[in-house]
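Note sheet for the following structure.
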Number of protein chains: 4
Amino acid sequence: MSNLARVLIDCPDQKGLVYKISKIFYESGLNIVSNQEFVEKETQHFFMRSSITGDFDNASLQKSLEDTVPNANIKVLPPVKKNIVILATKESHALGDILIRHIAGELNANIVAVIANRENLRDLVQRFDIPFIYISADNLSRQEHEELVLKELSKYSFDYMVLAKYMRILTPKFVSAYEGRIINIHHSFLPAFIGANPYKQAYERGVKIIGATAHFVTDDLDEGPIIYQDIIRVNHRFTWKQMQKAGRDVEKIVLARALNLVLDDRVFVYNNKTVVFDV
Amino acid sequence: MSNLARVLIDCPDQKGLVYKISKIFYESGLNIVSNQEFVEKETQHFFMRSSITGDFDNASLQKSLEDTVPNANIKVLPPVKKNIVILATKESHALGDILIRHIAGELNANIVAVIANRENLRDLVQRFDIPFIYISADNLSRQEHEELVLKELSKYSFDYMVLAKYMRILTPKFVSAYEGRIINIHHSFLPAFIGANPYKQAYERGVKIIGATAHFVTDDLDEGPIIYQDIIRVNHRFTWKQMQKAGRDVEKIVLARALNLVLDDRVFVYNNKTVVFDV
Amino acid sequence: MSNLARVLIDCPDQKGLVYKISKIFYESGLNIVSNQEFVEKETQHFFMRSSITGDFDNASLQKSLEDTVPNANIKVLPPVKKNIVILATKESHALGDILIRHIAGELNANIVAVIANRENLRDLVQRFDIPFIYISADNLSRQEHEELVLKELSKYSFDYMVLAKYMRILTPKFVSAYEGRIINIHHSFLPAFIGANPYKQAYERGVKIIGATAHFVTDDLDEGPIIYQDIIRVNHRFTWKQMQKAGRDVEKIVLARALNLVLDDRVFVYNNKTVVFDV
Amino acid sequence: MSNLARVLIDCPDQKGLVYKISKIFYESGLNIVSNQEFVEKETQHFFMRSSITGDFDNASLQKSLEDTVPNANIKVLPPVKKNIVILATKESHALGDILIRHIAGELNANIVAVIANRENLRDLVQRFDIPFIYISADNLSRQEHEELVLKELSKYSFDYMVLAKYMRILTPKFVSAYEGRIINIHHSFLPAFIGANPYKQAYERGVKIIGATAHFVTDDLDEGPIIYQDIIRVNHRFTWKQMQKAGRDVEKIVLARALNLVLDDRVFVYNNKTVVFDV
């Protein structure tokens, strides 16, 4: 009976890792559909992602790999759709792009809910028959609002939280509750223009290129591991509003690509950076 | 009373055109918000687009300009939303992107209808409360099918027709009925890979970059004036299906940008080419 | 007798500027080869660059323009080769690229001298029969070294100074001596990675894109008006040395393009930003 | 005693290839510095490039690999500088860029000679102390000229021939004499604009992006395996001469990158395409 899985392994580098791991695959009669490895030179850390098919049992394969490389992080993952929750505020472009991909079957995820601190996106989300939860932040402290969001989030089972232009700063408590599982789109080419209104900053600095950055969220604002970035050219004719408008296309594409990479289990996080085994 | 208009002028170049035209603007007490000119060197043809404000009457301004530059094509256009009809087949990415922009108010157009030769997009379109008309081509000749589409189109008043991955070749009769008003997205970096399945052609040729091209439709398949193009890198790992998937993002962004340029009256067509006065 | 000039005008915006200026051109019987204008919206400042031909005298035209627009900065510039001095340290790619363009006649400038604080580039420069002056900084304070460089510079007549990977920080005194005439290539996508070793910073931050920035030098390190920028993609496989190597191609092309824009009188500086009337 | 080599293997795919090959590396006590594999899905062909260090003998390693994978193409290559011959005509940008990289020690190759069918590049080449051979094509048939070039080439020992804007069409006889070893830079984004004066073709077609393509030369003009491509944006303001000028920067960078990939043994040719194991 044919099975299909993605095997992700990372550990300190040592001689013979590829040999030892591929030996297990070979002796289990598996086919390697694709295989990518990388050794980070500074810290001598090894990364490997294999897409395999064959007649095998995930748990047994995991066990064999753990016995062979005892100090490694090992994941044997079925290539199934993951669950995501989306947080948004009022802009529709990034959210809308995910919704369109979702309904077209081009997103490897089920959207379990959209939570927003403004109400204007309700109409858009409900057109796609996805639960929309409005949690106003009016008259609430950051902590009080987050408590409400956390309570709502606790009702859902999900693999990743996607901040699709969610314009609220998260507290360490919130971040730690979903550590390594929150993906944000920042509307600048990080590390340029950290913080508020990067398009205005870009306009004032007079840059000739603007960009967007998808990254995992950590406690340090805009400092988490970068997954994907892209840019577009601007010139002196652009006001910051026009930069913002032009930037939306970059933001939504960057977020969608990063999301697809994560959903396909192509991204390792290590040392506040990512190793991305792209197509 | 303040008015706002876009003035588009093109004519054979001659000395003093800018002077004569700006004299009219000045003597009418108008403000020039932005002004772009270009002289095509080969044919000595002059193009100018001005965005103006002030207390003026469009018809009178048109008359003054015609008196001053008698042999010119002159348009004084109010900056209003235009009407568009969309033709599609079965892919949702380009259509969906336009629908999302439309509902967010980021498209300078009203979508009066979507016509498709397949039925699967009905659900998506109707979620946005836009009329969807399914005109099957089954068991019909190209001419017979086009007759039905033309008949349906005749019910609507629209400025531009957008082919959002409409996978049917148009006859000269159809094209001439809407000459200069049909915008197509071609899924290759034209003039590379004209014709059917450009991604498969690109894969077989082993290119390292693929692209998409938005152009006005003329009688010659894939030979019309190019409005906008963009590209993405690929590598040997990409199957043609993966090229196709990656290409969708480029297609939809290229079509949307071209459409915005046209809707903002920034595009002149001349000698089967475009002069684009971008932001 | 046919003359050829570039007219650069900037001043506070007011009604009728294009009219008044083009009136002078028209009444002088000039041909406008190309014409570009721009009004900066925030400060309502007007910029115009015209390339003109005809039977005119530069001084008289300048006088007519000054009489018509009294508060403007006006330059009537002959399209002649400018003189440049190049400062370098030890890397050859940016310097070498300029030398090759120079000898091919593709640089609109004469290189009057190359001054370096290391000696290794002497061989390369002398192959092109260009004076090479080595001014060691060994055992000298920044001020002492700069005095020597300033003294050497005073021997030459030049329009622009090009820092082709000159790895010394300039003092305000030095900068003010050549204000608005020093062009630097910074090996990052500014404002990201200001300061020392931007490639190492980029590596440590884990960015997916690196870049280079050509800018005019001001007292604030890496904060001067940006002329041109470009980028390339990197990934987790790149060590910072590999980023540095890949970045060299971007650095040299960005510097050369910026230099060509400046030499062709296409760049205005205003509010610590540039208005670039590109081809 | 430490050795260093690149191992390139390609063969029909079969189960266990990675295992069998890495087993040999492991049992020989080698370190894998980097390792990249790829299976071409259509034809099920396997490619692998490993960079290895350790105490080994190239010939013995080759033998072990051949015994293990009998039907494979196997190369064990020392990471040494290769020899190249450059053919040029009259343009200096691509040639000059290679010369500058060469003298800076950034090209993994020795340039043994430059052969040209025009004489104007002699001065440039000789400044770098590299033999320049002028072989005029005046009054000669294509065959006669090629005979002279082939005779000259026979005097040199070289690994690759680089056509740095060599504007002569090669006969099948010439190509077959150096099959798979001739690298050309084509001044268009292939397969667009095959043949003469692609910039003029691009101008006439009104494209918004132009490019350059480095490829191996085969009998079919401009149809050989593509190694690397890049592009730049143009607009209606560009004459074809300006496209040509702007394109030169792309041409030289594309050729240099392709050349570095080939010199670093990162390029496999298969089915008239390339598999490129980039950094």
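Lettering and numbering for the structure tokens are positional, with chains as A, B, ... in the shown order, residues counted from 1 in each chain, and ligands counted from 1 in the shown order.
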Residues of chain C at most 12 Å from chain D: nearest atom pair and distance in Å, only C-alpha atoms, as CSV:
```
residue,atom,partner,partner_atom,distance
C:Val33,CA,D:Arg237,CA,11.7
C:Ser34,CA,D:Arg237,CA,9.6
C:Asn35,CA,D:Arg237,CA,11.4
C:Gln36,CA,D:Arg237,CA,11.5
C:Lys90,CA,D:Ala104,CA,10.3
C:Glu91,CA,D:Ala104,CA,8.4
C:Ser92,CA,D:Ala104,CA,6.6
C:His93,CA,D:Ile100,CA,7.3
C:Ala94,CA,D:Ile100,CA,10.0
C:Leu95,CA,D:Ile100,CA,9.6
C:Gly96,CA,D:Ile100,CA,6.0
C:Asp97,CA,D:Asp97,CA,7.0
C:Ile98,CA,D:Asp97,CA,10.4
C:Leu99,CA,D:Ile100,CA,9.3
C:Ile100,CA,D:Gly96,CA,6.1
C:Arg101,CA,D:His93,CA,7.4
C:His102,CA,D:His93,CA,10.7
C:Ile103,CA,D:Leu124,CA,8.0
C:Ala104,CA,D:Ser92,CA,6.6
C:Gly105,CA,D:Ser92,CA,10.0
C:Glu106,CA,D:Lys245,CA,8.9
C:Leu107,CA,D:Lys245,CA,11.4
C:Asn120,CA,D:Ala104,CA,10.3
C:Leu121,CA,D:Ala104,CA,9.5
C:Asp123,CA,D:Ile103,CA,9.8
C:Leu124,CA,D:Ile103,CA,8.0
C:Val125,CA,D:Arg127,CA,10.5
C:Gln126,CA,D:Arg127,CA,9.3
C:Arg127,CA,D:Arg127,CA,5.6
C:Phe128,CA,D:Arg127,CA,7.3
C:Asp129,CA,D:Arg127,CA,9.7
C:Asp230,CA,D:Ile232,CA,11.0
C:Ile232,CA,D:Asp230,CA,11.0
C:Arg233,CA,D:Val279,CA,11.4
C:Val234,CA,D:Val279,CA,9.0
C:Asn235,CA,D:Val279,CA,8.6
C:His236,CA,D:Val279,CA,9.4
C:Arg237,CA,D:Val279,CA,6.2
C:Phe238,CA,D:Val279,CA,6.7
C:Thr239,CA,D:Val279,CA,9.5
C:Lys241,CA,D:Val279,CA,11.8
C:Gln242,CA,D:Val279,CA,8.3
C:Met243,CA,D:Val279,CA,10.2
C:Lys245,CA,D:Glu106,CA,8.9
C:Ala246,CA,D:Arg257,CA,9.3
C:Gly247,CA,D:Ile253,CA,11.8
C:Arg248,CA,D:Glu106,CA,10.6
C:Asp249,CA,D:Ile253,CA,7.1
C:Val250,CA,D:Ile253,CA,9.2
C:Glu251,CA,D:Ile253,CA,11.9
C:Lys252,CA,D:Asp249,CA,10.0
C:Ile253,CA,D:Asp249,CA,7.1
C:Val254,CA,D:Asp249,CA,10.3
C:Leu255,CA,D:Asp249,CA,12.0
C:Ala256,CA,D:Asp249,CA,9.6
C:Arg257,CA,D:Ala246,CA,9.3
C:Asn260,CA,D:Ala246,CA,11.1
C:Phe277,CA,D:Arg237,CA,11.4
C:Asp278,CA,D:Arg237,CA,9.3
C:Val279,CA,D:Arg237,CA,6.2
```
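Excluding A:Thr274 itself and any same-chain residue fewer than 3 positions from it, the protein and nucleic acid residues within 6 Å of it, counting only C-alpha atoms, are Pro225, Phe268 and Val269 of chain A.
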Q | DSSP strand (DSSP E) residues within stretch 141-273 of chain D, as a ChimeraX atom specification | A | /D:160-163,182-186,209-216,226-233,267-270,273
Just the selected residues (N, CA, C and O atoms), exported as a compact mmCIF listing (two decimals), in the first residue's frame, please.
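Once everything was written out, this is selection04.txt:
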```
# COMPACT_ATOMS: atom_id res chain seq x y z
N TYR D 160 36.96 25.73 -22.36
CA TYR D 160 35.74 26.34 -22.90
C TYR D 160 36.08 27.50 -23.83
O TYR D 160 37.10 28.18 -23.66
N MET D 161 35.22 27.68 -24.81
CA MET D 161 35.33 28.82 -25.71
C MET D 161 34.16 29.77 -25.39
O MET D 161 33.00 29.33 -25.34
N VAL D 162 34.49 31.03 -25.16
CA VAL D 162 33.46 31.99 -24.78
C VAL D 162 33.24 32.98 -25.92
O VAL D 162 34.18 33.67 -26.34
N LEU D 163 32.01 33.03 -26.41
CA LEU D 163 31.68 33.99 -27.46
C LEU D 163 31.15 35.26 -26.79
O LEU D 163 29.99 35.36 -26.41
N ILE D 182 31.22 25.47 -26.07
CA ILE D 182 31.11 26.85 -26.53
C ILE D 182 29.96 27.54 -25.81
O ILE D 182 28.82 27.08 -25.86
N ILE D 183 30.28 28.66 -25.16
CA ILE D 183 29.27 29.42 -24.41
C ILE D 183 29.05 30.76 -25.11
O ILE D 183 30.01 31.48 -25.38
N ASN D 184 27.80 31.06 -25.40
CA ASN D 184 27.47 32.29 -26.11
C ASN D 184 26.58 33.19 -25.26
O ASN D 184 25.81 32.71 -24.44
N ILE D 185 26.72 34.50 -25.46
CA ILE D 185 25.75 35.43 -24.88
C ILE D 185 24.90 35.97 -26.02
O ILE D 185 25.41 36.55 -26.99
N HIS D 186 23.59 35.73 -25.90
CA HIS D 186 22.67 36.24 -26.91
C HIS D 186 21.96 37.46 -26.33
O HIS D 186 21.49 37.43 -25.20
N ILE D 209 10.02 44.75 -21.42
CA ILE D 209 11.16 44.12 -20.74
C ILE D 209 12.08 43.56 -21.81
O ILE D 209 11.61 42.98 -22.78
N ILE D 210 13.38 43.77 -21.65
CA ILE D 210 14.34 43.12 -22.55
C ILE D 210 15.29 42.29 -21.70
O ILE D 210 15.34 42.44 -20.48
N GLY D 211 16.06 41.42 -22.35
CA GLY D 211 16.92 40.55 -21.56
C GLY D 211 18.10 40.03 -22.33
O GLY D 211 18.38 40.45 -23.45
N ALA D 212 18.81 39.12 -21.69
CA ALA D 212 19.95 38.47 -22.32
C ALA D 212 20.00 37.02 -21.86
O ALA D 212 19.49 36.69 -20.78
N THR D 213 20.61 36.19 -22.69
CA THR D 213 20.61 34.75 -22.46
C THR D 213 22.00 34.18 -22.71
O THR D 213 22.54 34.33 -23.80
N ALA D 214 22.57 33.51 -21.72
CA ALA D 214 23.81 32.77 -21.93
C ALA D 214 23.46 31.31 -22.16
O ALA D 214 22.66 30.74 -21.41
N HIS D 215 24.02 30.73 -23.21
CA HIS D 215 23.67 29.35 -23.55
C HIS D 215 24.84 28.63 -24.20
O HIS D 215 25.76 29.27 -24.72
N PHE D 216 24.80 27.33 -24.14
CA PHE D 216 25.75 26.53 -24.90
C PHE D 216 25.34 26.58 -26.37
O PHE D 216 24.15 26.62 -26.70
N ILE D 226 20.07 26.65 -22.34
CA ILE D 226 20.17 27.95 -21.64
C ILE D 226 20.79 27.76 -20.26
O ILE D 226 20.36 26.91 -19.48
N ILE D 227 21.79 28.55 -19.96
CA ILE D 227 22.46 28.47 -18.66
C ILE D 227 21.92 29.52 -17.70
O ILE D 227 21.63 29.23 -16.54
N TYR D 228 21.76 30.73 -18.17
CA TYR D 228 21.34 31.82 -17.28
C TYR D 228 20.70 32.92 -18.12
O TYR D 228 21.09 33.14 -19.27
N GLN D 229 19.72 33.59 -17.53
CA GLN D 229 19.05 34.71 -18.19
C GLN D 229 18.77 35.80 -17.18
O GLN D 229 18.61 35.54 -16.00
N ASP D 230 18.71 37.01 -17.66
CA ASP D 230 18.26 38.10 -16.81
C ASP D 230 17.61 39.17 -17.69
O ASP D 230 17.71 39.12 -18.92
N ILE D 231 16.94 40.11 -17.06
CA ILE D 231 16.13 41.09 -17.79
C ILE D 231 16.27 42.48 -17.18
O ILE D 231 16.71 42.63 -16.04
N ILE D 232 15.87 43.50 -17.92
CA ILE D 232 15.63 44.83 -17.37
C ILE D 232 14.38 45.42 -18.01
O ILE D 232 14.02 45.07 -19.13
N ARG D 233 13.78 46.35 -17.28
CA ARG D 233 12.58 47.01 -17.80
C ARG D 233 12.97 48.12 -18.77
O ARG D 233 13.95 48.82 -18.58
N VAL D 267 27.05 22.96 -13.81
CA VAL D 267 26.06 22.88 -14.88
C VAL D 267 26.11 21.51 -15.57
O VAL D 267 27.16 21.08 -16.05
N PHE D 268 24.99 20.83 -15.57
CA PHE D 268 24.81 19.61 -16.36
C PHE D 268 24.01 19.97 -17.61
O PHE D 268 23.08 20.78 -17.52
N VAL D 269 24.33 19.35 -18.73
CA VAL D 269 23.51 19.52 -19.92
C VAL D 269 22.80 18.19 -20.20
O VAL D 269 23.42 17.13 -20.17
N TYR D 270 21.50 18.29 -20.45
CA TYR D 270 20.71 17.08 -20.65
C TYR D 270 19.46 17.46 -21.44
O TYR D 270 18.76 18.41 -21.06
N LYS D 273 18.72 20.99 -22.32
CA LYS D 273 18.46 21.90 -21.19
C LYS D 273 19.62 21.80 -20.22
O LYS D 273 20.48 20.92 -20.34
```
Q | Nearest to B:Leu263, chosen from B:Val7, B:Ala109, B:Leu30, B:Val76, with only C-alpha atoms counted in the distances | A |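 Selected residue with least distance to B:Leu263: B:Ala109.
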(Q) List the spatial neighbours of C:Ile74 as a ChimeraX atom specification - criterion: any atom at most 7 Å away, only C-alpha atoms, same-chain residues fewer than 5 positions off excluded. (A) /C:8-10
Which residues in stretch 105-220 of chain B does DSSP call helix (DSSP H, G or I)? List them as an mmCIF file with N, CA and C atoms, in the first residue's frame.
```
data_model
loop_
_atom_site.group_PDB
_atom_site.id
_atom_site.type_symbol
_atom_site.label_atom_id
_atom_site.label_comp_id
_atom_site.auth_asym_id
_atom_site.auth_seq_id
_atom_site.Cartn_x
_atom_site.Cartn_y
_atom_site.Cartn_z
ATOM 1 N N ARG B 122 -19.083 30.138 -11.814
ATOM 2 C CA ARG B 122 -20.346 30.764 -11.408
ATOM 3 C C ARG B 122 -20.381 31.038 -9.900
ATOM 4 N N ASP B 123 -20.027 30.022 -9.155
ATOM 5 C CA ASP B 123 -20.092 30.171 -7.694
ATOM 6 C C ASP B 123 -19.246 31.346 -7.216
ATOM 7 N N LEU B 124 -18.009 31.429 -7.705
ATOM 8 C CA LEU B 124 -17.111 32.512 -7.287
ATOM 9 C C LEU B 124 -17.699 33.878 -7.633
ATOM 10 N N VAL B 125 -18.143 34.013 -8.862
ATOM 11 C CA VAL B 125 -18.627 35.308 -9.332
ATOM 12 C C VAL B 125 -19.877 35.729 -8.565
ATOM 13 N N GLN B 126 -20.751 34.784 -8.356
ATOM 14 C CA GLN B 126 -22.015 35.134 -7.692
ATOM 15 C C GLN B 126 -21.828 35.500 -6.221
ATOM 16 N N ARG B 142 -16.828 27.838 -33.849
ATOM 17 C CA ARG B 142 -16.313 29.073 -33.267
ATOM 18 C C ARG B 142 -17.262 30.236 -33.574
ATOM 19 N N GLN B 143 -17.744 30.266 -34.824
ATOM 20 C CA GLN B 143 -18.621 31.373 -35.218
ATOM 21 C C GLN B 143 -19.932 31.343 -34.440
ATOM 22 N N GLU B 144 -20.494 30.169 -34.339
ATOM 23 C CA GLU B 144 -21.770 30.055 -33.625
ATOM 24 C C GLU B 144 -21.635 30.490 -32.166
ATOM 25 N N HIS B 145 -20.552 30.048 -31.538
ATOM 26 C CA HIS B 145 -20.351 30.420 -30.143
ATOM 27 C C HIS B 145 -20.163 31.929 -30.003
ATOM 28 N N GLU B 146 -19.347 32.473 -30.894
ATOM 29 C CA GLU B 146 -19.112 33.927 -30.828
ATOM 30 C C GLU B 146 -20.390 34.720 -31.044
ATOM 31 N N GLU B 147 -21.231 34.229 -31.899
ATOM 32 C CA GLU B 147 -22.509 34.931 -32.123
ATOM 33 C C GLU B 147 -23.285 35.049 -30.813
ATOM 34 N N LEU B 148 -23.290 33.959 -30.072
ATOM 35 C CA LEU B 148 -24.007 33.980 -28.792
ATOM 36 C C LEU B 148 -23.366 34.944 -27.811
ATOM 37 N N VAL B 149 -22.032 34.953 -27.813
ATOM 38 C CA VAL B 149 -21.330 35.861 -26.894
ATOM 39 C C VAL B 149 -21.584 37.307 -27.305
ATOM 40 N N LEU B 150 -21.485 37.565 -28.610
ATOM 41 C CA LEU B 150 -21.718 38.931 -29.095
ATOM 42 C C LEU B 150 -23.132 39.404 -28.763
ATOM 43 N N LYS B 151 -24.063 38.494 -28.895
ATOM 44 C CA LYS B 151 -25.450 38.841 -28.583
ATOM 45 C C LYS B 151 -25.593 39.216 -27.112
ATOM 46 N N GLU B 152 -24.945 38.432 -26.267
ATOM 47 C CA GLU B 152 -24.990 38.719 -24.830
ATOM 48 C C GLU B 152 -24.300 40.057 -24.539
ATOM 49 N N LEU B 153 -23.134 40.253 -25.167
ATOM 50 C CA LEU B 153 -22.379 41.498 -24.935
ATOM 51 C C LEU B 153 -23.196 42.727 -25.341
ATOM 52 N N PRO B 172 -11.613 37.682 -36.312
ATOM 53 C CA PRO B 172 -11.487 39.106 -36.672
ATOM 54 C C PRO B 172 -12.800 39.861 -36.515
ATOM 55 N N LYS B 173 -13.889 39.205 -36.793
ATOM 56 C CA LYS B 173 -15.179 39.873 -36.665
ATOM 57 C C LYS B 173 -15.428 40.330 -35.227
ATOM 58 N N PHE B 174 -15.149 39.397 -34.307
ATOM 59 C CA PHE B 174 -15.340 39.700 -32.892
ATOM 60 C C PHE B 174 -14.430 40.850 -32.472
ATOM 61 N N VAL B 175 -13.158 40.734 -32.856
ATOM 62 C CA VAL B 175 -12.173 41.753 -32.463
ATOM 63 C C VAL B 175 -12.560 43.124 -33.006
ATOM 64 N N SER B 176 -12.992 43.144 -34.266
ATOM 65 C CA SER B 176 -13.286 44.447 -34.873
ATOM 66 C C SER B 176 -14.519 45.089 -34.239
ATOM 67 N N ALA B 177 -15.401 44.254 -33.675
ATOM 68 C CA ALA B 177 -16.585 44.803 -33.009
ATOM 69 C C ALA B 177 -16.211 45.600 -31.762
ATOM 70 N N PRO B 198 1.933 27.863 -23.348
ATOM 71 C CA PRO B 198 3.270 28.454 -23.264
ATOM 72 C C PRO B 198 4.123 27.895 -22.125
ATOM 73 N N TYR B 199 3.510 27.466 -21.032
ATOM 74 C CA TYR B 199 4.321 26.928 -19.936
ATOM 75 C C TYR B 199 4.994 25.627 -20.350
ATOM 76 N N LYS B 200 4.279 24.831 -21.127
ATOM 77 C CA LYS B 200 4.875 23.588 -21.605
ATOM 78 C C LYS B 200 6.005 23.914 -22.576
ATOM 79 N N GLN B 201 5.767 24.900 -23.434
ATOM 80 C CA GLN B 201 6.827 25.336 -24.348
ATOM 81 C C GLN B 201 8.048 25.844 -23.567
ATOM 82 N N ALA B 202 7.788 26.604 -22.513
ATOM 83 C CA ALA B 202 8.876 27.175 -21.714
ATOM 84 C C ALA B 202 9.669 26.062 -21.028
ATOM 85 N N TYR B 203 8.931 25.095 -20.502
ATOM 86 C CA TYR B 203 9.579 23.949 -19.863
ATOM 87 C C TYR B 203 10.454 23.215 -20.864
ATOM 88 N N GLU B 204 9.909 22.988 -22.046
ATOM 89 C CA GLU B 204 10.662 22.206 -23.037
ATOM 90 C C GLU B 204 11.885 22.963 -23.554
ATOM 91 N N ARG B 205 11.777 24.281 -23.614
ATOM 92 C CA ARG B 205 12.923 25.071 -24.056
ATOM 93 C C ARG B 205 13.968 25.227 -22.949
#
```
**Q.** Residue neighbourhood D:Pro78, 10 Å, only C-alpha atoms, exclusion window fewer than 2 positions, as a PyMOL selection string
**A.** chain D and resi 3-7+51+58+75-76+80-81+265
**Q.** Distance in Å - atom CA of C:Gln62 versus atom CA of C:Ser2
**A.**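 These two atoms are separated by 16.9 Å.
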